[in-house]
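To be precise, the following lines are work-v3.txt, and they hold compact mmCIF, C-alpha atoms.
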# COMPACT_ATOMS: atom_id res chain seq x y z
CA MET A 1 21.80 -29.52 8.88
CA ARG A 2 21.69 -25.81 9.62
CA MET A 3 20.12 -24.01 6.69
CA LYS A 4 22.07 -21.20 5.11
CA ASN A 5 19.68 -18.34 5.70
CA ARG A 6 18.31 -19.49 9.02
CA ASP A 7 19.03 -16.18 10.75
CA LEU A 8 17.15 -14.26 8.12
CA TYR A 9 14.13 -16.51 8.69
CA LEU A 10 14.45 -16.29 12.47
CA ILE A 11 14.55 -12.47 12.62
CA LEU A 12 11.26 -12.44 10.73
CA ALA A 13 9.68 -15.37 12.53
CA ASP A 14 10.67 -14.29 16.05
CA THR A 15 9.54 -10.71 15.48
CA SER A 16 6.15 -11.94 14.26
CA LEU A 17 5.77 -14.43 17.07
CA ILE A 18 6.64 -12.02 19.87
CA LEU A 19 4.52 -9.19 18.48
CA GLY A 20 1.66 -11.68 18.04
CA GLN A 21 2.06 -12.80 21.65
CA ARG A 22 2.08 -9.17 22.83
CA LEU A 23 -1.06 -8.29 20.87
CA SER A 24 -2.85 -11.40 22.12
CA GLU A 25 -2.58 -9.90 25.63
CA TRP A 26 -5.32 -7.49 24.52
CA CYS A 27 -7.74 -10.36 23.97
CA GLY A 28 -10.59 -9.73 26.41
CA HIS A 29 -9.11 -6.36 27.44
CA GLY A 30 -9.62 -4.17 24.36
CA PRO A 31 -11.13 -0.71 24.86
CA ALA A 32 -14.10 -1.65 22.63
CA ILE A 33 -15.23 -5.01 21.34
CA GLU A 34 -14.28 -4.15 17.75
CA GLU A 35 -10.74 -3.31 18.82
CA ASP A 36 -10.52 -6.39 20.99
CA ILE A 37 -11.43 -8.52 17.99
CA THR A 38 -9.14 -6.60 15.66
CA LEU A 39 -6.01 -6.98 17.75
CA SER A 40 -6.74 -10.66 18.34
CA ASN A 41 -7.09 -11.16 14.58
CA VAL A 42 -3.87 -9.28 13.90
CA ALA A 43 -2.15 -11.39 16.55
CA LEU A 44 -3.38 -14.53 14.79
CA ASP A 45 -1.97 -13.31 11.48
CA TYR A 46 1.47 -12.76 13.02
CA ILE A 47 1.48 -16.08 14.84
CA GLY A 48 0.40 -17.78 11.60
CA GLN A 49 3.21 -16.09 9.70
CA ALA A 50 5.75 -17.13 12.34
CA THR A 51 4.46 -20.71 12.18
CA SER A 52 4.97 -20.86 8.40
CA LEU A 53 8.56 -19.71 8.74
CA TYR A 54 9.44 -22.09 11.59
CA LYS A 55 7.84 -24.94 9.65
CA GLU A 56 9.98 -24.14 6.64
CA ILE A 57 13.14 -24.15 8.79
CA CYS A 58 12.12 -27.57 10.12
CA ALA A 59 11.40 -28.85 6.61
CA GLN A 60 14.82 -27.77 5.42
CA GLU A 61 16.88 -28.79 8.45
CA LYS A 62 15.13 -32.16 8.94
CA ASP A 63 16.41 -32.64 12.48
CA GLY A 64 13.14 -33.77 14.00
CA LYS A 65 12.29 -30.38 15.49
CA THR A 66 8.82 -28.89 15.06
CA GLU A 67 7.63 -25.29 14.93
CA ASP A 68 6.64 -25.63 18.58
CA ASP A 69 10.23 -26.37 19.57
CA TRP A 70 11.31 -23.12 17.94
CA ALA A 71 8.54 -21.13 19.61
CA PHE A 72 8.56 -22.60 23.08
CA LEU A 73 11.87 -24.24 23.87
CA ARG A 74 14.52 -21.57 23.35
CA ASP A 75 16.08 -19.18 25.84
CA ALA A 76 16.00 -15.40 25.57
CA SER A 77 19.40 -14.98 23.91
CA GLN A 78 18.39 -17.35 21.11
CA TYR A 79 15.52 -15.13 19.95
CA LYS A 80 16.31 -12.63 17.21
CA ASN A 81 13.21 -10.44 17.26
CA LEU A 82 13.31 -6.66 16.95
CA LEU A 83 13.24 -4.98 20.36
CA LEU A 84 10.16 -3.05 19.29
CA SER A 85 8.11 -6.24 19.14
CA GLU A 86 8.72 -7.09 22.80
CA LEU A 87 7.79 -3.68 24.26
CA PRO A 88 4.92 -3.96 26.74
CA ASN A 89 1.53 -2.86 25.41
CA GLY A 90 1.16 0.29 27.55
CA ASP A 91 -2.07 2.19 26.94
CA TYR A 92 -4.01 1.88 23.70
CA ALA A 93 -2.16 4.79 22.11
CA TYR A 94 1.15 3.04 22.83
CA THR A 95 0.01 -0.25 21.28
CA ILE A 96 -1.32 1.56 18.22
CA ALA A 97 1.82 3.69 17.80
CA ARG A 98 3.99 0.56 17.98
CA GLN A 99 1.69 -1.19 15.53
CA PHE A 100 1.72 1.77 13.13
CA LEU A 101 5.51 2.23 13.06
CA PHE A 102 6.07 -1.50 12.74
CA SER A 103 3.47 -2.32 10.11
CA ALA A 104 4.60 0.57 7.88
CA TRP A 105 8.10 -0.94 8.00
CA TYR A 106 6.89 -4.52 7.59
CA TYR A 107 4.72 -3.62 4.61
CA LEU A 108 7.63 -2.03 2.76
CA TYR A 109 9.96 -4.87 3.70
CA LEU A 110 7.58 -7.57 2.45
CA GLU A 111 6.98 -5.65 -0.73
CA GLN A 112 10.70 -5.99 -1.54
CA LEU A 113 11.00 -9.51 -0.20
CA MET A 114 8.46 -10.61 -2.82
CA ALA A 115 11.32 -10.36 -5.35
CA SER A 116 13.54 -12.70 -3.30
CA LYS A 117 15.34 -15.49 -5.14
CA ASP A 118 14.37 -17.74 -2.24
CA GLU A 119 11.11 -19.15 -3.53
CA PHE A 120 9.66 -19.78 -0.10
CA LEU A 121 10.41 -16.26 1.16
CA ALA A 122 8.95 -14.70 -1.99
CA GLY A 123 5.72 -16.68 -1.56
CA PHE A 124 5.63 -15.95 2.16
CA ALA A 125 6.04 -12.22 1.48
CA ALA A 126 3.26 -12.12 -1.13
CA LYS A 127 0.91 -13.88 1.27
CA SER A 128 1.78 -11.81 4.35
CA LEU A 129 1.72 -8.50 2.51
CA LYS A 130 -2.04 -8.82 1.99
CA GLU A 131 -2.55 -9.21 5.72
CA VAL A 132 -0.12 -6.51 6.79
CA LYS A 133 -1.84 -4.03 4.50
CA TYR A 134 -4.91 -4.30 6.71
CA HIS A 135 -2.85 -4.05 9.89
CA PHE A 136 -1.30 -0.84 8.61
CA GLN A 137 -4.63 0.67 7.54
CA HIS A 138 -6.13 -0.09 10.93
CA SER A 139 -3.29 1.46 12.95
CA ARG A 140 -2.99 4.42 10.59
CA ASP A 141 -6.70 5.20 11.03
CA TRP A 142 -6.28 5.20 14.79
CA VAL A 143 -3.15 7.36 14.78
CA ILE A 144 -5.11 9.98 12.86
CA ARG A 145 -8.19 9.58 15.02
CA MET A 146 -6.25 10.01 18.24
CA GLY A 147 -3.82 12.65 16.99
CA ASP A 148 -6.61 14.72 15.53
CA GLY A 149 -8.93 13.93 18.44
CA THR A 150 -9.09 15.44 21.91
CA GLU A 151 -6.22 17.05 23.80
CA GLU A 152 -5.99 13.92 25.92
CA SER A 153 -5.85 11.47 23.00
CA ALA A 154 -3.37 13.64 21.07
CA THR A 155 -1.07 13.94 24.09
CA ARG A 156 -1.13 10.21 24.65
CA MET A 157 -0.39 9.43 21.01
CA GLN A 158 2.44 11.97 20.87
CA ASN A 159 3.98 10.60 24.08
CA ALA A 160 3.76 7.06 22.72
CA LEU A 161 5.51 8.03 19.48
CA ASN A 162 8.23 9.87 21.40
CA GLU A 163 8.86 6.88 23.63
CA ILE A 164 8.89 4.24 20.92
CA TRP A 165 10.97 6.24 18.46
CA THR A 166 14.26 5.07 19.96
CA PHE A 167 13.34 1.51 18.92
CA THR A 168 12.74 2.36 15.25
CA GLY A 169 16.43 2.64 14.34
CA GLU A 170 16.90 -1.12 14.69
CA MET A 171 14.43 -1.70 11.87
CA PHE A 172 16.89 -0.11 9.44
CA THR A 173 20.08 -1.78 10.58
CA SER A 174 20.98 -5.02 8.85
CA THR A 175 23.06 -7.79 10.38
CA LYS A 176 25.99 -9.29 8.43
CA ALA A 177 23.82 -12.28 7.60
CA GLU A 178 21.06 -10.01 6.31
CA LEU A 179 23.47 -7.99 4.19
CA ALA A 180 25.02 -11.14 2.74
CA ALA A 181 21.55 -12.45 1.89
CA ALA A 182 20.67 -9.09 0.31
CA GLU A 183 23.82 -9.29 -1.85
CA GLU A 184 22.62 -12.62 -3.17
CA GLY A 185 19.16 -11.30 -3.96
CA ILE A 186 17.58 -13.38 -1.19
CA GLY A 187 17.20 -10.81 1.58
CA VAL A 188 16.68 -7.07 1.64
CA ASP A 189 18.98 -4.24 2.75
CA HIS A 190 16.69 -2.42 5.17
CA LEU A 191 18.25 0.95 4.39
CA SER A 192 16.86 0.67 0.88
CA PHE A 193 13.34 1.49 2.04
CA GLN A 194 14.06 3.89 4.90
CA ASP A 195 13.08 6.93 2.80
CA ALA A 196 9.80 5.32 1.81
CA TRP A 197 9.08 4.54 5.47
CA ASN A 198 9.84 8.11 6.53
CA GLU A 199 7.49 9.39 3.88
CA LEU A 200 4.70 7.02 4.89
CA VAL A 201 5.08 7.98 8.55
CA GLU A 202 5.40 11.73 7.90
CA ASN A 203 2.35 11.77 5.68
CA THR A 204 0.22 10.12 8.37
CA LEU A 205 1.56 12.18 11.28
CA GLN A 206 0.92 15.35 9.32
CA GLN A 207 -2.72 14.34 8.83
CA ALA A 208 -2.92 13.47 12.50
CA GLN A 209 -1.39 16.84 13.45
CA LEU A 210 1.34 15.08 15.37
CA ILE A 211 5.06 15.85 15.45
CA LYS A 212 7.53 13.36 14.08
CA PRO A 213 10.11 12.75 16.83
CA GLU A 214 13.75 13.71 16.22
CA ASN A 215 16.19 10.90 15.52
CA GLY A 216 18.43 10.48 18.54
CA TRP A 217 20.13 7.54 20.22
CA MET A 218 18.69 4.32 18.82
CA GLN A 219 18.34 1.10 20.80
CA LYS A 220 19.40 -2.11 19.12
CA GLY A 221 20.51 -5.65 19.86
CA GLY A 222 17.38 -7.77 19.47
CA LYS A 223 18.59 -9.31 16.22
CA GLU A 224 21.74 -10.50 18.02
CA GLY A 225 19.81 -11.92 20.93
CA LYS A 226 20.31 -8.98 23.31
CA HIS A 227 16.90 -8.17 24.67
CA SER A 228 15.25 -5.69 26.99
CA GLU A 229 14.33 -6.42 30.60
CA HIS A 230 10.75 -7.08 29.45
CA PHE A 231 11.67 -10.10 27.38
CA GLY A 232 12.13 -12.66 30.16
CA PHE A 233 8.62 -11.97 31.39
CA ILE A 234 6.93 -12.44 28.04
CA LEU A 235 8.86 -15.69 27.47
CA ALA A 236 7.92 -16.96 30.91
CA GLU A 237 4.25 -16.40 30.13
CA MET A 238 4.45 -17.80 26.60
CA GLN A 239 6.53 -20.86 27.46
CA TYR A 240 4.93 -21.72 30.78
CA LEU A 241 2.96 -24.71 29.57
CA GLN A 242 5.72 -26.41 27.60
CA ARG A 243 8.25 -25.78 30.40
CA SER A 244 5.97 -27.12 33.13
CA TYR A 245 4.55 -30.03 31.15
CA PRO A 246 7.18 -30.89 28.54
CA GLY A 247 5.68 -32.33 25.37
CA ALA A 248 2.09 -31.54 26.42
CA LYS A 249 -0.38 -31.83 23.51
CA TRP A 250 -4.09 -31.34 23.10
CA MET B 251 -7.58 -41.02 -14.34
CA VAL B 252 -9.82 -38.18 -15.38
CA ASP B 253 -12.75 -39.98 -13.78
CA LEU B 254 -10.88 -40.45 -10.53
CA GLN B 255 -9.90 -36.81 -10.46
CA HIS B 256 -13.49 -35.81 -11.13
CA GLN B 257 -14.66 -38.07 -8.31
CA ILE B 258 -12.23 -36.49 -5.84
CA TRP B 259 -13.34 -32.97 -6.79
CA GLN B 260 -16.95 -34.09 -6.23
CA ILE B 261 -16.10 -35.36 -2.76
CA LEU B 262 -14.29 -32.11 -1.95
CA GLN B 263 -17.36 -30.14 -2.91
CA CYS B 264 -19.13 -31.73 0.04
CA VAL B 265 -16.54 -30.46 2.54
CA GLU B 266 -17.82 -27.27 4.07
CA ASP B 267 -15.86 -24.28 5.30
CA PRO B 268 -16.08 -24.54 9.11
CA GLU B 269 -16.65 -20.80 9.52
CA ILE B 270 -19.01 -20.27 6.57
CA PRO B 271 -20.79 -23.64 6.38
CA TYR B 272 -22.92 -22.77 3.36
CA LEU B 273 -19.75 -22.54 1.28
CA ASN B 274 -17.61 -25.54 0.43
CA VAL B 275 -13.82 -25.57 0.25
CA VAL B 276 -13.83 -25.75 -3.56
CA GLU B 277 -16.05 -22.67 -3.97
CA MET B 278 -13.83 -20.86 -1.49
CA GLY B 279 -10.82 -21.44 -3.76
CA ILE B 280 -8.99 -23.19 -0.93
CA VAL B 281 -8.41 -26.39 -2.93
CA ARG B 282 -5.73 -25.62 -5.50
CA GLU B 283 -4.97 -28.95 -7.07
CA VAL B 284 -5.87 -32.63 -7.02
CA LYS B 285 -3.12 -35.05 -8.04
CA VAL B 286 -3.98 -38.68 -8.71
CA ASN B 287 -0.84 -40.07 -10.35
CA ASN B 288 1.08 -41.52 -7.40
CA GLY B 289 -1.60 -41.89 -4.80
CA ILE B 290 -4.03 -39.08 -4.11
CA GLU B 291 -2.77 -35.67 -3.06
CA VAL B 292 -4.98 -32.67 -2.41
CA VAL B 293 -3.22 -29.30 -2.36
CA ILE B 294 -4.82 -26.58 -0.25
CA THR B 295 -3.89 -23.00 0.64
CA PRO B 296 -4.90 -20.92 3.67
CA THR B 297 -7.06 -17.83 3.24
CA TYR B 298 -5.09 -16.04 6.00
CA SER B 299 -1.79 -17.15 7.57
CA GLY B 300 -3.39 -17.30 10.97
CA CYS B 301 -6.70 -18.81 9.88
CA PRO B 302 -7.65 -21.07 12.81
CA ALA B 303 -9.89 -23.14 10.51
CA MET B 304 -7.04 -24.60 8.44
CA LYS B 305 -6.36 -27.58 10.69
CA THR B 306 -10.07 -28.45 10.73
CA ILE B 307 -10.31 -28.09 6.96
CA GLU B 308 -7.37 -30.43 6.50
CA GLU B 309 -8.92 -33.02 8.80
CA ASP B 310 -12.36 -32.67 7.24
CA ILE B 311 -10.92 -33.29 3.77
CA GLN B 312 -9.02 -36.33 5.00
CA GLU B 313 -12.15 -37.67 6.66
CA ALA B 314 -14.38 -37.10 3.61
CA LEU B 315 -11.89 -38.89 1.38
CA ALA B 316 -11.53 -41.78 3.85
CA GLU B 317 -15.30 -42.18 4.01
CA ASN B 318 -15.23 -42.68 0.27
CA GLY B 319 -12.51 -45.29 0.48
CA PHE B 320 -9.48 -43.10 -0.08
CA HIS B 321 -7.69 -43.77 3.18
CA GLU B 322 -4.19 -43.03 1.97
CA ALA B 323 -4.90 -39.56 0.59
CA ILE B 324 -2.44 -36.82 1.48
CA VAL B 325 -3.43 -33.20 2.13
CA LYS B 326 -0.65 -30.73 1.50
CA THR B 327 -0.69 -27.01 2.39
CA VAL B 328 1.11 -24.46 0.22
CA LEU B 329 1.44 -20.68 0.70
CA SER B 330 2.21 -19.72 -2.83
CA PRO B 331 0.56 -18.39 -4.93
CA ALA B 332 -1.20 -16.49 -2.17
CA TRP B 333 -4.94 -17.01 -1.87
CA THR B 334 -7.10 -14.22 -3.21
CA THR B 335 -10.82 -13.55 -2.96
CA ASP B 336 -10.76 -13.54 -6.78
CA TRP B 337 -10.59 -17.34 -6.57
CA MET B 338 -14.00 -17.56 -4.89
CA THR B 339 -16.58 -18.70 -7.43
CA ASP B 340 -19.53 -16.55 -8.57
CA ASP B 341 -21.79 -19.00 -6.76
CA ALA B 342 -19.89 -18.43 -3.55
CA LEU B 343 -20.30 -14.68 -3.85
CA SER B 344 -24.05 -14.87 -4.38
CA LYS B 345 -24.41 -17.30 -1.47
CA LEU B 346 -22.58 -14.81 0.73
CA ARG B 347 -24.92 -12.03 -0.34
CA MET B 348 -27.98 -14.21 0.27
CA ASN B 349 -26.70 -14.84 3.78
CA GLY B 350 -26.30 -11.18 4.61
CA ILE B 351 -22.56 -10.84 3.97
CA ALA B 352 -21.44 -8.26 1.41
CA PRO B 353 -19.15 -10.22 -0.94
CA PRO B 354 -15.63 -9.11 -1.91
CA GLU B 355 -15.30 -7.09 -5.11
CA ARG B 356 -13.40 -8.58 -8.01
CA GLY B 357 -9.91 -7.29 -8.75
CA ALA B 358 -8.19 -7.80 -5.44
CA SER B 359 -5.46 -5.33 -4.60
CA ASP B 360 -5.69 -1.59 -4.75
CA LYS B 361 -2.75 0.30 -3.32
CA GLY B 362 -4.79 3.48 -2.82
CA LEU B 363 -6.47 1.72 0.08
CA LEU B 364 -3.22 1.86 2.01
CA MET B 365 -3.55 5.59 2.49
CA GLY B 366 -7.14 5.62 3.54
CA LYS B 367 -9.05 5.45 0.26
CA ILE B 368 -12.48 4.01 1.09
CA ARG B 369 -14.26 1.39 -0.99
CA GLU B 370 -17.95 1.69 -1.72
CA ILE B 371 -19.68 -1.36 -0.28
CA ALA B 372 -23.36 -2.03 -0.99
CA CYS B 373 -25.63 -3.24 1.82
CA PRO B 374 -26.45 -6.93 1.18
CA ARG B 375 -30.01 -6.39 2.46
CA CYS B 376 -31.30 -3.21 0.85
CA PHE B 377 -28.48 -2.68 -1.70
CA SER B 378 -27.99 0.92 -0.62
CA LYS B 379 -24.50 2.24 -1.19
CA GLU B 380 -24.82 4.60 1.78
CA THR B 381 -22.75 2.49 4.17
CA THR B 382 -19.98 3.17 6.69
CA MET B 383 -17.20 0.98 7.95
CA ILE B 384 -17.37 0.41 11.70
CA SER B 385 -14.32 -1.78 12.03
CA GLN B 386 -11.64 -3.10 9.69
CA PHE B 387 -11.90 -6.51 11.39
CA GLY B 388 -15.23 -8.25 11.98
CA SER B 389 -16.26 -11.66 13.29
CA THR B 390 -13.25 -13.25 11.56
CA ALA B 391 -10.00 -11.89 10.08
CA CYS B 392 -11.51 -12.16 6.59
CA LYS B 393 -14.44 -9.86 7.33
CA ALA B 394 -14.90 -6.16 8.11
CA LEU B 395 -17.87 -4.71 9.97
CA TYR B 396 -20.11 -2.20 8.19
CA LYS B 397 -23.34 -0.39 8.89
CA CYS B 398 -26.00 0.58 6.36
CA GLN B 399 -27.15 4.22 6.68
CA GLU B 400 -30.34 3.46 4.78
CA CYS B 401 -31.81 0.42 6.57
CA LEU B 402 -29.57 0.93 9.64
CA GLU B 403 -28.59 -2.75 9.78
CA PRO B 404 -25.00 -3.69 10.59
CA PHE B 405 -23.44 -6.26 8.25
CA ASP B 406 -20.21 -8.11 7.54
CA HIS B 407 -18.20 -7.41 4.43
CA PHE B 408 -15.94 -10.18 3.15
CA LYS B 409 -12.68 -8.29 2.63
CA CYS B 410 -10.95 -8.25 -0.65
CA ILE B 411 -7.44 -9.72 -0.51

Mind turning the file's structure into structure tokens?
Amino acid sequence: MRMKNRDLYLILADTSLILGQRLSEWCGHGPAIEEDITLSNVALDYIGQATSLYKEICAQEKDGKTEDDWAFLRDASQYKNLLLSELPNGDYAYTIARQFLFSAWYYLYLEQLMASKDEFLAGFAAKSLKEVKYHFQHSRDWVIRMGDGTEESATRMQNALNEIWTFTGEMFTSTKAELAAAEEGIGVDHLSFQDAWNELVENTLQQAQLIKPENGWMQKGGKEGKHSEHFGFILAEMQYLQRSYPGAKW
Amino acid sequence: MVDLQHQIWQILQCVEDPEIPYLNVVEMGIVREVKVNNGIEVVITPTYSGCPAMKTIEEDIQEALAENGFHEAIVKTVLSPAWTTDWMTDDALSKLRMNGIAPPERGASDKGLLMGKIREIACPRCFSKETTMISQFGSTACKALYKCQECLEPFDHFKCI
């Protein structure tokens, strides 16, 4: 039976999974071995978090599906991840900027989700928060290092922030399902921590001597299954094995 | 019952952590509970959500119990309460130090760290506090990479979570 707050779980799980998949593309390609290892570890954290959520959906719905079915056997329009998570990696500044803006948001979100009346979500949030704290610290360090670095690194970081900014608005919109869950004390109204996010971002950009982009037109749709042109490609790569060899195990 | 429980804990103490083999899963604080009332159930919790060692740990526990005649034992994974380095035993911390890994400090979370506050980590070899962090993530997600300014050796620090 379809669980009541499935969409709330899926937005979280799909965002983690897709961002994890994106970051894993850096494995073997990082600009330095430490960074290669870092992004691979961060990717593992996200994929682990997604797995926990899919497993919980399976445990509650008891329809014989496994977490792998959720990850590998859906079509693009069935994924509810934030658009930001599916953006291609770009250069290192772009990956770091995406990581910084996202993990600042995710940290604040999880902090509130810890008070959820849904026992599983509260436990999940407490666990994940510890990991995301390190993701945020890592990306924050690099934003400052690049922003306050050479002309080249500062330009790249500023360009990355400017480009990604249009995808940050979606983080603070809530779907009907999310608002209903927030009403019941299970989910979180994302607007409630927008000020805190702005402050966290401003504080860092100031230290990095970077300019916070102006709010303009914001892209959205990921949470309703409307994705960017990049999404089909990442799914094709991620799902290749299960699509070509259905049920393959090792 | 108490004897049986004791026996299970003893067996679990022989199951090593696949990534830090000189520590066992009990010292690591991974085993949360042993239930013996309706069959044997061992409750474990992951250190990190994405810890690739969890599956191996689960299988190793099952195997160790089976070897001792407990074929029907169940291993259950829970996320809550979230694992913390504060659950690692004192023994575990000194074994880490002896093996060249700076152990986590007690008293896990410190919000100041979020905005770049740096912890003072002592070198596990020469005990100097003149050390610098090279990378937030080391050989595994649970470790950070440091360098000692005094003896110039690089070392892993087991992060505090």

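Within 8 Å of chain A, chain B contributes the residues Tyr298, Ser299, Gly300, Cys301, Leu329, Ser330, Pro331, Ala332, Trp333, Leu363, Leu364, Met365, Gly366, Ser385, Gln386, Phe387, Gly388, Ser389, Thr390, Ala391 and Ile411 of chain B, using all atoms listed in the file.
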
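Separating atom CA of B:Gly279 from atom CA of A:Asp118 is a distance of 25.5 Å.
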
Quick one: distance from atom CA of B:Arg369 to atom CA of A:Gln158 in Å, one decimal? 29.5 Å

Within 8 Å of (7.7, -8.4, 16.0) in the file's own coordinates, which protein, DNA or RNA residues have an atom, counting all atoms listed in the file? List them as a PyMOL selection string. chain A and resi 12+14-20+81-86+102

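Atom CA of B:Asp406 lies 5.1 Å from atom CA of B:Ile351.
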
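Proximity to A:Gln207 at 9 Å, evaluated using only C-alpha atoms and with sequence-adjacent residues fewer than 3 positions away removed, yields A:Ile144, A:Gly147, A:Asp148, A:Glu202, A:Asn203, A:Thr204, A:Leu210.
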
Keeping C-alpha atoms for every residue in the selection just given, could you write it to a file as a tab-separated table (two decimals), in the frame of the given file?
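The new file again.tsv reads:
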chain	number	residue	atom	x	y	z
A	144	ILE	CA	-5.11	9.98	12.86
A	147	GLY	CA	-3.82	12.65	16.99
A	148	ASP	CA	-6.61	14.72	15.53
A	202	GLU	CA	5.40	11.73	7.90
A	203	ASN	CA	2.35	11.77	5.68
A	204	THR	CA	0.22	10.12	8.37
A	210	LEU	CA	1.34	15.08	15.37

Which residues come within 12 Å of stretch 257-259 of chain B, counting all atoms listed in the file, excluding same-chain residues fewer than 2 positions away, as a CSV table (one decimal) with C-alpha atoms, in the frame of the given file?
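Below you can see around-v2.csv, which holds the result:
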chain,number,residue,atom,x,y,z
B,251,MET,CA,-7.6,-41.0,-14.3
B,252,VAL,CA,-9.8,-38.2,-15.4
B,253,ASP,CA,-12.8,-40.0,-13.8
B,254,LEU,CA,-10.9,-40.4,-10.5
B,255,GLN,CA,-9.9,-36.8,-10.5
B,261,ILE,CA,-16.1,-35.4,-2.8
B,262,LEU,CA,-14.3,-32.1,-2.0
B,263,GLN,CA,-17.4,-30.1,-2.9
B,264,CYS,CA,-19.1,-31.7,0.0
B,265,VAL,CA,-16.5,-30.5,2.5
B,274,ASN,CA,-17.6,-25.5,0.4
B,275,VAL,CA,-13.8,-25.6,0.2
B,276,VAL,CA,-13.8,-25.8,-3.6
B,277,GLU,CA,-16.0,-22.7,-4.0
B,281,VAL,CA,-8.4,-26.4,-2.9
B,282,ARG,CA,-5.7,-25.6,-5.5
B,283,GLU,CA,-5.0,-29.0,-7.1
B,284,VAL,CA,-5.9,-32.6,-7.0
B,285,LYS,CA,-3.1,-35.0,-8.0
B,286,VAL,CA,-4.0,-38.7,-8.7
B,289,GLY,CA,-1.6,-41.9,-4.8
B,290,ILE,CA,-4.0,-39.1,-4.1
B,291,GLU,CA,-2.8,-35.7,-3.1
B,292,VAL,CA,-5.0,-32.7,-2.4
B,293,VAL,CA,-3.2,-29.3,-2.4
B,311,ILE,CA,-10.9,-33.3,3.8
B,312,GLN,CA,-9.0,-36.3,5.0
B,314,ALA,CA,-14.4,-37.1,3.6
B,315,LEU,CA,-11.9,-38.9,1.4
B,316,ALA,CA,-11.5,-41.8,3.8
B,317,GLU,CA,-15.3,-42.2,4.0
B,318,ASN,CA,-15.2,-42.7,0.3
B,319,GLY,CA,-12.5,-45.3,0.5
B,320,PHE,CA,-9.5,-43.1,-0.1
B,323,ALA,CA,-4.9,-39.6,0.6

Residue contacts of A:Gln194 (10 Å, only C-alpha atoms) excluding same-chain residues fewer than 2 positions away, as a PDB file with C-alpha atoms, in the frame of the given file:
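Written file, selection_23.pdb:
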ATOM      1  CA  TRP A 105       8.100  -0.940   8.000  1.00  0.00           C
ATOM      2  CA  LEU A 108       7.630  -2.030   2.760  1.00  0.00           C
ATOM      3  CA  TYR A 109       9.960  -4.870   3.700  1.00  0.00           C
ATOM      4  CA  GLY A 169      16.430   2.640  14.340  1.00  0.00           C
ATOM      5  CA  MET A 171      14.430  -1.700  11.870  1.00  0.00           C
ATOM      6  CA  PHE A 172      16.890  -0.110   9.440  1.00  0.00           C
ATOM      7  CA  ASP A 189      18.980  -4.240   2.750  1.00  0.00           C
ATOM      8  CA  HIS A 190      16.690  -2.420   5.170  1.00  0.00           C
ATOM      9  CA  LEU A 191      18.250   0.950   4.390  1.00  0.00           C
ATOM     10  CA  SER A 192      16.860   0.670   0.880  1.00  0.00           C
ATOM     11  CA  ALA A 196       9.800   5.320   1.810  1.00  0.00           C
ATOM     12  CA  TRP A 197       9.080   4.540   5.470  1.00  0.00           C
ATOM     13  CA  ASN A 198       9.840   8.110   6.530  1.00  0.00           C
ATOM     14  CA  GLU A 199       7.490   9.390   3.880  1.00  0.00           C
ATOM     15  CA  LEU A 200       4.700   7.020   4.890  1.00  0.00           C
TER      16      LEU A 200
END
